[in-house]
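Q: One file is attached below, input.txt, containing compact mmCIF, C-alpha atoms.
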# COMPACT_ATOMS: atom_id res chain seq x y z
CA MET A 1 0.00 0.00 0.00
CA LYS A 2 0.98 3.60 -0.55
CA TYR A 3 1.13 5.96 2.43
CA THR A 4 1.27 9.69 2.99
CA LEU A 5 2.20 10.90 6.46
CA ILE A 6 1.38 14.38 7.77
CA VAL A 7 3.38 15.65 10.75
CA LYS A 8 1.78 18.46 12.75
CA ASP A 9 3.88 18.75 15.92
CA ALA A 10 7.34 20.21 16.41
CA PRO A 11 10.15 17.84 17.39
CA TYR A 12 10.35 17.39 21.20
CA GLN A 13 6.94 19.09 21.60
CA SER A 14 5.41 15.63 21.68
CA GLN A 15 6.25 12.12 20.62
CA ALA A 16 4.36 12.59 17.34
CA ALA A 17 7.40 13.30 15.15
CA ASP A 18 9.31 10.35 16.67
CA THR A 19 6.37 8.03 16.13
CA ALA A 20 5.83 9.23 12.57
CA CYS A 21 9.47 8.59 11.72
CA ARG A 22 9.43 5.10 13.26
CA PHE A 23 6.16 4.37 11.50
CA ALA A 24 7.77 5.41 8.20
CA HIS A 25 10.68 2.99 8.76
CA ALA A 26 8.29 0.22 9.73
CA LEU A 27 6.02 0.55 6.73
CA ILE A 28 8.95 0.58 4.32
CA ALA A 29 10.43 -2.47 6.07
CA GLU A 30 7.10 -4.24 5.57
CA GLY A 31 7.27 -3.60 1.84
CA HIS A 32 4.85 -0.70 1.66
CA GLU A 33 5.54 2.50 -0.19
CA LEU A 34 5.86 5.96 1.32
CA ALA A 35 4.64 8.58 -1.16
CA GLN A 36 5.46 11.58 0.96
CA VAL A 37 5.96 12.99 4.42
CA PHE A 38 4.31 16.42 4.63
CA PHE A 39 5.17 18.83 7.43
CA TYR A 40 2.46 21.29 8.43
CA PHE A 41 1.52 23.42 11.44
CA GLU A 42 4.31 23.28 14.07
CA GLY A 43 5.60 20.24 12.18
CA VAL A 44 7.62 22.63 10.02
CA PHE A 45 10.09 22.93 12.91
CA ASN A 46 11.24 19.38 12.13
CA ALA A 47 13.05 20.93 9.17
CA VAL A 48 15.29 23.43 10.97
CA ALA A 49 19.02 23.08 10.42
CA ASN A 50 21.57 23.18 13.23
CA ALA A 51 19.52 21.62 16.02
CA GLU A 52 21.81 20.25 18.70
CA PRO A 53 19.88 18.25 21.27
CA PRO A 54 21.80 16.89 24.29
CA GLN A 55 24.10 14.08 23.17
CA ASP A 56 22.32 11.45 25.24
CA ASP A 57 18.87 12.25 23.79
CA ARG A 58 17.58 11.19 20.38
CA HIS A 59 18.13 13.51 17.43
CA VAL A 60 14.69 13.78 15.87
CA ILE A 61 15.76 15.90 12.92
CA ASN A 62 18.76 13.70 12.04
CA ASN A 63 16.43 10.71 12.17
CA TRP A 64 14.32 12.33 9.45
CA THR A 65 17.42 13.08 7.37
CA LYS A 66 18.50 9.45 7.70
CA LEU A 67 15.06 8.25 6.61
CA ALA A 68 15.14 10.55 3.59
CA LEU A 69 18.65 9.59 2.48
CA GLU A 70 18.25 5.85 2.97
CA ASN A 71 15.00 5.75 1.01
CA GLU A 72 15.38 8.64 -1.44
CA LEU A 73 12.28 10.18 0.05
CA GLU A 74 10.66 13.55 -0.15
CA LEU A 75 10.29 15.44 3.10
CA VAL A 76 7.99 18.26 2.02
CA VAL A 77 7.63 21.33 4.23
CA CYS A 78 4.62 23.58 3.57
CA SER A 79 6.12 26.90 2.50
CA THR A 80 3.26 29.04 3.83
CA ALA A 81 3.31 27.37 7.25
CA ALA A 82 7.11 27.72 7.28
CA GLN A 83 7.03 31.39 6.27
CA ARG A 84 4.46 32.13 8.96
CA ARG A 85 6.88 30.76 11.58
CA GLY A 86 10.13 32.05 10.14
CA VAL A 87 11.40 28.60 9.19
CA ALA A 88 13.58 29.34 6.19
CA LYS A 89 16.43 27.97 4.09
CA PRO A 90 18.84 26.43 4.66
CA LEU A 91 16.76 23.55 5.99
CA ALA A 92 18.12 20.30 7.41
CA THR A 93 19.26 17.79 4.77
CA GLY A 94 16.42 15.93 3.08
CA PHE A 95 13.77 18.63 3.59
CA ARG A 96 12.44 20.97 0.94
CA LEU A 97 9.95 23.81 0.93
CA ASP A 98 7.00 23.30 -1.35
CA THR A 99 3.32 24.10 -1.64
CA LEU A 100 0.15 22.40 -0.48
CA GLY A 101 -0.13 21.40 -4.12
CA ARG A 102 2.38 18.62 -3.42
CA LEU A 103 0.12 17.26 -0.69
CA VAL A 104 -2.78 17.36 -3.16
CA GLU A 105 -0.77 15.07 -5.46
CA ALA A 106 0.35 12.75 -2.67
CA VAL A 107 -3.22 12.35 -1.39
CA SER A 108 -4.28 11.46 -4.90
CA LEU A 109 -1.67 8.68 -5.11
CA SER A 110 -2.14 7.25 -1.62
CA ASP A 111 -4.18 4.43 -0.13
CA ARG A 112 -3.65 5.74 3.39
CA VAL A 113 -3.13 9.26 4.74
CA ILE A 114 -2.13 9.34 8.39
CA THR A 115 -1.74 12.42 10.58
CA PHE A 116 0.68 12.57 13.50
CA GLY A 117 0.33 15.29 16.12
CA SER A 118 -2.46 17.27 17.66
CA MET B 1 -4.50 13.19 -14.00
CA LEU B 2 -5.26 13.34 -10.28
CA VAL B 3 -7.32 10.59 -8.71
CA SER B 4 -10.06 12.29 -6.71
CA LYS B 5 -10.35 11.15 -3.08
CA ARG B 6 -13.10 11.70 -0.57
CA CYS B 7 -11.70 13.69 2.34
CA LEU B 8 -13.47 14.69 5.54
CA PHE B 9 -11.99 17.46 7.68
CA ILE B 10 -13.10 17.28 11.29
CA ASN B 11 -12.93 20.65 13.04
CA ARG B 12 -13.09 20.22 16.79
CA HIS B 13 -11.27 23.26 18.14
CA ALA B 14 -12.48 26.76 18.96
CA PRO B 15 -11.35 29.22 16.31
CA TYR B 16 -8.73 31.46 17.93
CA GLY B 17 -6.96 29.33 20.53
CA SER B 18 -4.34 28.44 17.91
CA SER B 19 -3.72 29.02 14.23
CA HIS B 20 -4.79 25.45 13.46
CA PRO B 21 -8.36 26.21 12.32
CA GLN B 22 -7.01 28.73 9.78
CA GLU B 23 -4.36 26.32 8.50
CA THR B 24 -6.75 23.39 8.45
CA LEU B 25 -9.10 25.48 6.34
CA ASP B 26 -6.23 26.32 3.96
CA MET B 27 -5.47 22.61 3.60
CA ALA B 28 -9.12 21.67 3.04
CA TYR B 29 -9.55 24.41 0.43
CA ALA B 30 -6.35 23.41 -1.35
CA LEU B 31 -7.49 19.78 -1.64
CA ALA B 32 -10.96 20.86 -2.75
CA ALA B 33 -9.65 23.37 -5.31
CA PHE B 34 -7.72 20.54 -6.96
CA GLU B 35 -10.41 18.00 -7.60
CA HIS B 36 -10.59 16.14 -4.30
CA ARG B 37 -14.07 15.63 -2.87
CA VAL B 38 -13.87 17.49 0.42
CA SER B 39 -16.44 17.88 3.19
CA LEU B 40 -16.09 19.71 6.49
CA LEU B 41 -17.50 18.56 9.80
CA PHE B 42 -17.80 20.83 12.82
CA MET B 43 -18.19 19.19 16.19
CA ASP B 44 -17.32 19.79 19.84
CA ASP B 45 -15.81 23.29 20.24
CA GLY B 46 -15.30 23.36 16.47
CA VAL B 47 -18.88 24.64 16.11
CA TYR B 48 -17.66 28.00 17.45
CA GLN B 49 -15.69 28.39 14.20
CA ILE B 50 -18.90 29.12 12.30
CA LEU B 51 -20.73 31.12 14.93
CA HIS B 52 -21.78 34.55 13.63
CA ASN B 53 -20.76 37.92 15.07
CA GLN B 54 -17.15 37.10 15.81
CA ALA B 55 -14.84 40.02 16.59
CA PRO B 56 -11.34 38.51 16.81
CA ALA B 57 -9.72 41.83 15.86
CA MET B 58 -10.18 42.78 19.51
CA ILE B 59 -7.54 40.21 20.43
CA GLY B 60 -5.39 40.89 17.40
CA MET B 61 -6.44 37.79 15.44
CA LYS B 62 -7.52 37.56 11.83
CA GLU B 63 -11.16 36.67 11.28
CA ILE B 64 -11.37 33.23 9.70
CA SER B 65 -15.08 32.53 9.85
CA HIS B 66 -16.00 34.52 6.73
CA ALA B 67 -13.77 32.25 4.68
CA PHE B 68 -16.14 29.35 5.35
CA ARG B 69 -18.82 31.20 3.42
CA ALA B 70 -16.71 30.81 0.27
CA TRP B 71 -17.07 27.03 0.50
CA GLU B 72 -19.06 26.75 -2.71
CA ASP B 73 -16.43 28.60 -4.73
CA TYR B 74 -13.87 26.05 -3.55
CA GLY B 75 -16.07 23.13 -4.45
CA ILE B 76 -16.54 21.84 -0.90
CA GLU B 77 -19.25 19.14 -1.07
CA HIS B 78 -20.89 19.32 2.35
CA LEU B 79 -20.73 21.27 5.58
CA TYR B 80 -21.80 19.00 8.43
CA VAL B 81 -22.44 19.97 12.01
CA GLU B 82 -22.97 17.44 14.75
CA LYS B 83 -26.37 18.19 16.28
CA ALA B 84 -25.44 17.32 19.86
CA SER B 85 -22.43 19.65 19.84
CA LEU B 86 -24.76 22.57 19.14
CA GLU B 87 -27.34 21.50 21.71
CA ILE B 88 -24.81 21.05 24.52
CA ARG B 89 -23.52 24.56 23.89
CA GLY B 90 -26.97 26.10 23.53
CA ILE B 91 -26.30 27.27 19.99
CA GLY B 92 -29.17 27.51 17.51
CA VAL B 93 -28.77 26.89 13.76
CA GLU B 94 -29.83 30.49 13.13
CA GLU B 95 -26.67 31.63 14.94
CA LEU B 96 -24.42 29.97 12.38
CA LEU B 97 -23.10 32.02 9.50
CA VAL B 98 -23.45 29.28 6.90
CA ASN B 99 -26.17 26.86 5.92
CA VAL B 100 -25.14 23.50 7.28
CA CYS B 101 -26.34 19.95 7.27
CA LEU B 102 -27.14 18.83 10.82
CA VAL B 103 -26.21 15.23 11.53
CA SER B 104 -26.71 12.85 14.43
CA SER B 105 -23.85 10.78 15.75
CA THR B 106 -25.28 7.72 13.97
CA GLU B 107 -25.28 9.56 10.66
CA LEU B 108 -21.77 10.70 11.44
CA HIS B 109 -20.56 7.11 11.51
CA GLU B 110 -22.01 6.53 8.08
CA ILE B 111 -20.45 9.71 6.71
CA MET B 112 -17.05 8.73 8.09
CA GLU B 113 -17.28 5.29 6.58
CA GLN B 114 -17.82 6.77 3.13
CA GLN B 115 -14.52 8.66 3.22
CA ASP B 116 -11.14 7.69 1.83
CA PHE B 117 -9.28 9.88 4.32
CA ILE B 118 -10.06 11.78 7.49
CA PHE B 119 -8.18 14.86 8.64
CA SER B 120 -8.58 16.76 11.88
CA ASP B 121 -7.59 20.20 13.12
CA MET C 1 2.61 55.46 1.64
CA GLU C 2 4.25 52.49 3.29
CA LEU C 3 4.84 49.27 1.32
CA THR C 4 5.91 45.77 2.41
CA LYS C 5 9.17 44.38 1.03
CA ASP C 6 7.10 42.74 -1.71
CA GLY C 7 5.49 46.04 -2.64
CA PHE C 8 2.06 45.55 -1.05
CA LEU C 9 0.29 48.34 0.84
CA VAL C 10 0.82 48.10 4.59
CA ASN C 11 -2.38 50.01 5.42
CA ARG C 12 -5.28 49.40 3.15
CA GLU C 13 -6.91 52.62 4.44
CA GLU C 14 -4.29 54.47 2.42
CA TRP C 15 -5.58 52.96 -0.81
CA THR C 16 -7.13 55.35 -3.32
CA PRO C 17 -7.65 55.03 -7.08
CA GLU C 18 -4.56 57.23 -7.50
CA VAL C 19 -2.51 54.76 -5.43
CA ALA C 20 -3.82 52.01 -7.71
CA HIS C 21 -2.56 53.90 -10.76
CA VAL C 22 0.89 54.35 -9.23
CA ILE C 23 1.23 50.66 -8.33
CA ALA C 24 -0.18 49.60 -11.70
CA ARG C 25 2.43 51.71 -13.49
CA GLU C 26 5.13 49.92 -11.50
CA GLU C 27 3.66 46.67 -12.76
CA GLY C 28 3.71 48.03 -16.32
CA ILE C 29 -0.09 48.10 -16.50
CA MET C 30 -2.28 50.97 -17.77
CA LEU C 31 -5.60 50.65 -15.95
CA THR C 32 -8.73 50.42 -18.09
CA GLU C 33 -12.41 49.87 -17.26
CA GLN C 34 -11.79 46.13 -17.56
CA HIS C 35 -9.00 46.26 -14.98
CA TRP C 36 -11.15 48.24 -12.58
CA GLU C 37 -13.90 45.67 -12.78
CA ILE C 38 -11.49 42.94 -11.62
CA ILE C 39 -9.86 45.19 -9.01
CA HIS C 40 -13.24 45.99 -7.47
CA PHE C 41 -14.13 42.32 -7.66
CA VAL C 42 -11.10 41.19 -5.64
CA GLN C 43 -11.65 43.98 -3.11
CA GLU C 44 -15.25 42.97 -2.60
CA TYR C 45 -14.31 39.29 -2.42
CA TYR C 46 -11.72 40.05 0.25
CA ASP C 47 -14.20 42.16 2.25
CA GLU C 48 -16.77 39.41 2.04
CA TYR C 49 -14.63 36.32 2.71
CA GLY C 50 -11.25 37.54 3.96
CA ILE C 51 -9.54 35.56 1.21
CA THR C 52 -7.55 36.31 -1.91
CA PRO C 53 -8.33 33.13 -3.82
CA ILE C 54 -5.85 31.16 -5.91
CA MET C 55 -6.03 31.50 -9.68
CA ARG C 56 -8.46 28.71 -10.51
CA ILE C 57 -10.85 29.72 -7.74
CA LEU C 58 -10.59 33.40 -8.66
CA ALA C 59 -11.43 32.50 -12.26
CA LYS C 60 -14.37 30.38 -11.13
CA ALA C 61 -15.71 33.07 -8.79
CA ILE C 62 -15.47 35.68 -11.56
CA ARG C 63 -17.14 33.29 -14.00
CA ASN C 64 -20.04 32.79 -11.59
CA ARG C 65 -20.53 36.45 -10.88
CA LEU C 66 -19.34 38.41 -13.94
CA GLY C 67 -19.95 35.87 -16.67
CA GLU C 68 -18.16 33.17 -18.66
CA GLU C 69 -15.89 35.42 -20.77
CA LYS C 70 -14.34 37.34 -17.88
CA GLY C 71 -13.59 34.20 -15.91
CA LYS C 72 -11.34 32.81 -18.64
CA SER C 73 -7.71 32.76 -17.59
CA LYS C 74 -6.76 34.05 -21.05
CA TYR C 75 -8.82 37.18 -20.37
CA LEU C 76 -7.36 37.65 -16.89
CA TYR C 77 -3.79 37.14 -18.08
CA ARG C 78 -4.34 39.71 -20.84
CA LEU C 79 -5.21 42.27 -18.14
CA PHE C 80 -2.59 41.15 -15.62
CA PRO C 81 0.11 39.45 -17.69
CA ASP C 82 2.49 38.49 -14.89
CA SER C 83 -0.01 37.03 -12.38
CA PRO C 84 -3.70 37.97 -12.17
CA VAL C 85 -3.86 36.98 -8.49
CA ARG C 86 -0.76 38.83 -7.32
CA GLN C 87 -1.05 41.89 -9.52
CA SER C 88 -4.77 42.48 -8.98
CA ALA C 89 -4.32 42.10 -5.20
CA ARG C 90 -1.38 44.48 -5.16
CA ILE C 91 -3.11 47.15 -7.25
CA ALA C 92 -6.27 46.72 -5.13
CA GLY C 93 -4.30 47.44 -1.95
CA LEU C 94 -4.90 43.96 -0.52
CA PRO C 95 -2.37 41.84 1.43
CA LYS C 96 0.04 39.64 -0.47
CA PRO C 97 -1.76 36.39 -1.36
CA PRO C 98 -0.34 33.28 0.36
CA SER C 99 2.25 31.60 -1.82
CA CYS C 100 0.79 28.12 -1.40
CA ILE C 101 -0.01 26.38 -4.70
What does the file become when written as structure tokens?

A:
Amino acid sequence: MKYTLIVKDAPYQSQAADTACRFAHALIAEGHELAQVFFYFEGVFNAVANAEPPQDDRHVINNWTKLALENELELVVCSTAAQRRGVAKPLATGFRLDTLGRLVEAVSLSDRVITFGS
Amino acid sequence: MLVSKRCLFINRHAPYGSSHPQETLDMAYALAAFEHRVSLLFMDDGVYQILHNQAPAMIGMKEISHAFRAWEDYGIEHLYVEKASLEIRGIGVEELLVNVCLVSSTELHEIMEQQDFIFSD
Amino acid sequence: MELTKDGFLVNREEWTPEVAHVIAREEGIMLTEQHWEIIHFVQEYYDEYGITPIMRILAKAIRNRLGEEKGKSKYLYRLFPDSPVRQSARIAGLPKPPSCI
């Protein structure tokens, strides 16, 4: 099956971003396809460069970058939501700013659309 | 060619506690503008989003409720409101700024089952 | 008058038809009756709904209210060659439309 994931919470705000990322790994491991991860609302903060969490905590943003690089994935950040919050280039590796139009396409291609975050 | 999907947006939050209602509306309108079959459901505190006579400028927020009245231009299929959510809050249909389709919780289950995807604010 | 970095009016109260002419000239547009019809349309739409709609919705709304011919994107692009949405909003003194889509 083909999935689109929407992430609505900032990293460390809740477990939503962590869960979404693990879910992405799991569905790919099970042989499903990930059409897109779309970052909206406070989720756009997952794309900031230069985050340095304490060394003994998980690095949410690097986990996304790893997911993107290993699977040649698109991590799409809504440009309007990003602009509203001052999230701007350069973004962390693997993320790109794009429009809601990309989500429109991904929804069209997907069998499942799952939202993470409140 | 885009495959059209049936999408239901469930709005459950009061309008100005966060920017989510505005951004959820933007997302719903974007999907609807590009061929997806989108409906909106207001329930719980979400019914306050379409209450008339809002004056959010007093707290420095942008009015979002008028945008709901453009739903036909965007090709939104239905505006649903859960009946009980209005009753509990003592809100009458005449206090809403759009014509809506009132649904019971039983009907709500049926509506949800007809959808491809469900989004919430 | 004060403009944003993208050239949009900061205070809409400062908008007058003369301001529209000045901004239109910057956009390389000489305003005609046909332009004014669209400018008034987007102003009224914004007052009514608080939205500057994206191109295909703008075209549809114009089609429904001003007739088939005027809602054609060919017609709108002839009046506002660079971007009907952006240029009509800017000349009308409205906020910059969101960049999404």

Q: With a distance threshold of 8 Å and counting all atoms listed in the file, extract the residues of chain C near chain B and express them as a PDB file with C-alpha atoms, in the frame of the given file.

A:
ATOM      1  CA  GLU C  48     -16.770  39.410   2.040  1.00  0.00           C
ATOM      2  CA  TYR C  49     -14.630  36.320   2.710  1.00  0.00           C
ATOM      3  CA  GLY C  50     -11.250  37.540   3.960  1.00  0.00           C
ATOM      4  CA  ILE C  51      -9.540  35.560   1.210  1.00  0.00           C
ATOM      5  CA  ARG C  56      -8.460  28.710 -10.510  1.00  0.00           C
ATOM      6  CA  ILE C  57     -10.850  29.720  -7.740  1.00  0.00           C
ATOM      7  CA  LYS C  60     -14.370  30.380 -11.130  1.00  0.00           C
ATOM      8  CA  ALA C  61     -15.710  33.070  -8.790  1.00  0.00           C
ATOM      9  CA  ILE C 101      -0.010  26.380  -4.700  1.00  0.00           C
TER      10      ILE C 101
END

Q: What does the distance between CA of Lys70 in chain C and CA of Arg90 in chain C come to in Å, to one decimal place?

A: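 Atom-to-atom, CA of Lys70 in chain C to CA of Arg90 in chain C, that is 19.5 Å.
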
Q: Using all atoms listed in the file, give me every residue within 7 Å of (20.1, 16.8, 10.2) in file coordinates, as a VMD selection string.

A: chain A and resid 49 61 to 62 65 92 to 93

Q: Can you tell me how far CA of Tyr80 in chain B sits from CA of His13 in chain B, in Å to one decimal?

A: 14.9 Å

Q: Give me, as a count of residues only, the contact residues of chain A against chain C at a cut-off of 12 Å, counting all atoms listed in the file.

A: 17

Q: With distances taken over all atoms listed in the file, which residue among A:Val107, A:Val113, A:Leu73, A:Ala17 lies nearest Val44 in chain A?

A: A:Ala17

Q: Given a cut-off of 10 Å, which residues of chain B touch chain A, counting all atoms listed in the file, written out as a list in words?

A: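 Only these qualify: Met1, Leu2, Val3, Ser4, Lys5, Arg6, Cys7, Ser19, His20, Glu23, Thr24, Asp26, Met27, Ala28, Tyr29, Ala30, Leu31, Ala32, Ala33, Phe34, Glu35, His36, Asp116, Phe117, Ile118, Phe119, Ser120 and Asp121 of chain B.
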
Q: Using Å and a single decimal, report how far CA of Leu96 in chain B sits from CA of Asn53 in chain B.

A: 9.2 Å

Q: Using only C-alpha atoms - which residues lie no farther than 10 Å from the point (-1.7, 41.9, -9.4) in the file's frame? Write them as number ranges by chain.

A: C: 8, 23-24, 27, 29, 39, 79-94, 96-97

Q: I need the residues from that last selection saved to file as a CSV table (one decimal), keeping the file's coordinate frame (with C-alpha atoms), if you can.

A:
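Contents of the output file part.csv:
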chain,number,residue,atom,x,y,z
C,8,PHE,CA,2.1,45.6,-1.0
C,23,ILE,CA,1.2,50.7,-8.3
C,24,ALA,CA,-0.2,49.6,-11.7
C,27,GLU,CA,3.7,46.7,-12.8
C,29,ILE,CA,-0.1,48.1,-16.5
C,39,ILE,CA,-9.9,45.2,-9.0
C,79,LEU,CA,-5.2,42.3,-18.1
C,80,PHE,CA,-2.6,41.2,-15.6
C,81,PRO,CA,0.1,39.4,-17.7
C,82,ASP,CA,2.5,38.5,-14.9
C,83,SER,CA,0.0,37.0,-12.4
C,84,PRO,CA,-3.7,38.0,-12.2
C,85,VAL,CA,-3.9,37.0,-8.5
C,86,ARG,CA,-0.8,38.8,-7.3
C,87,GLN,CA,-1.0,41.9,-9.5
C,88,SER,CA,-4.8,42.5,-9.0
C,89,ALA,CA,-4.3,42.1,-5.2
C,90,ARG,CA,-1.4,44.5,-5.2
C,91,ILE,CA,-3.1,47.2,-7.2
C,92,ALA,CA,-6.3,46.7,-5.1
C,93,GLY,CA,-4.3,47.4,-2.0
C,94,LEU,CA,-4.9,44.0,-0.5
C,96,LYS,CA,0.0,39.6,-0.5
C,97,PRO,CA,-1.8,36.4,-1.4

Q: I'd like the neighbourhood of Glu74 in chain A as a list in words, where a residue qualifies if any of its atoms comes within 9 Å (using only C-alpha atoms), though same-chain residues fewer than 4 positions away should be ignored.

A: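 My list of contacting residues is Ala35, Gln36, Val37, Phe38, Ala68, Gly94, Phe95 and Arg96 of chain A.
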
Q: Could you name the residues that touch Leu40 in chain B at 9 Å or less, counting all atoms listed in the file, but leaving out those on the same chain fewer than 4 positions away, as a count of residues only?

A: 12

Q: Write out as a PDB file with C-alpha atoms, in the coordinates of the input the residues lying within 10 Å of Thr19 in chain A, counting all atoms listed in the file and excluding same-chain residues fewer than 5 positions away.

A:
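What follows is the written file selection_21.pdb:
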ATOM      1  CA  VAL A   7       3.380  15.650  10.750  1.00  0.00           C
ATOM      2  CA  SER A  14       5.410  15.630  21.680  1.00  0.00           C
ATOM      3  CA  ALA A  24       7.770   5.410   8.200  1.00  0.00           C
ATOM      4  CA  HIS A  25      10.680   2.990   8.760  1.00  0.00           C
ATOM      5  CA  PHE A 116       0.680  12.570  13.500  1.00  0.00           C
ATOM      6  CA  GLY A 117       0.330  15.290  16.120  1.00  0.00           C
TER       7      GLY A 117
END
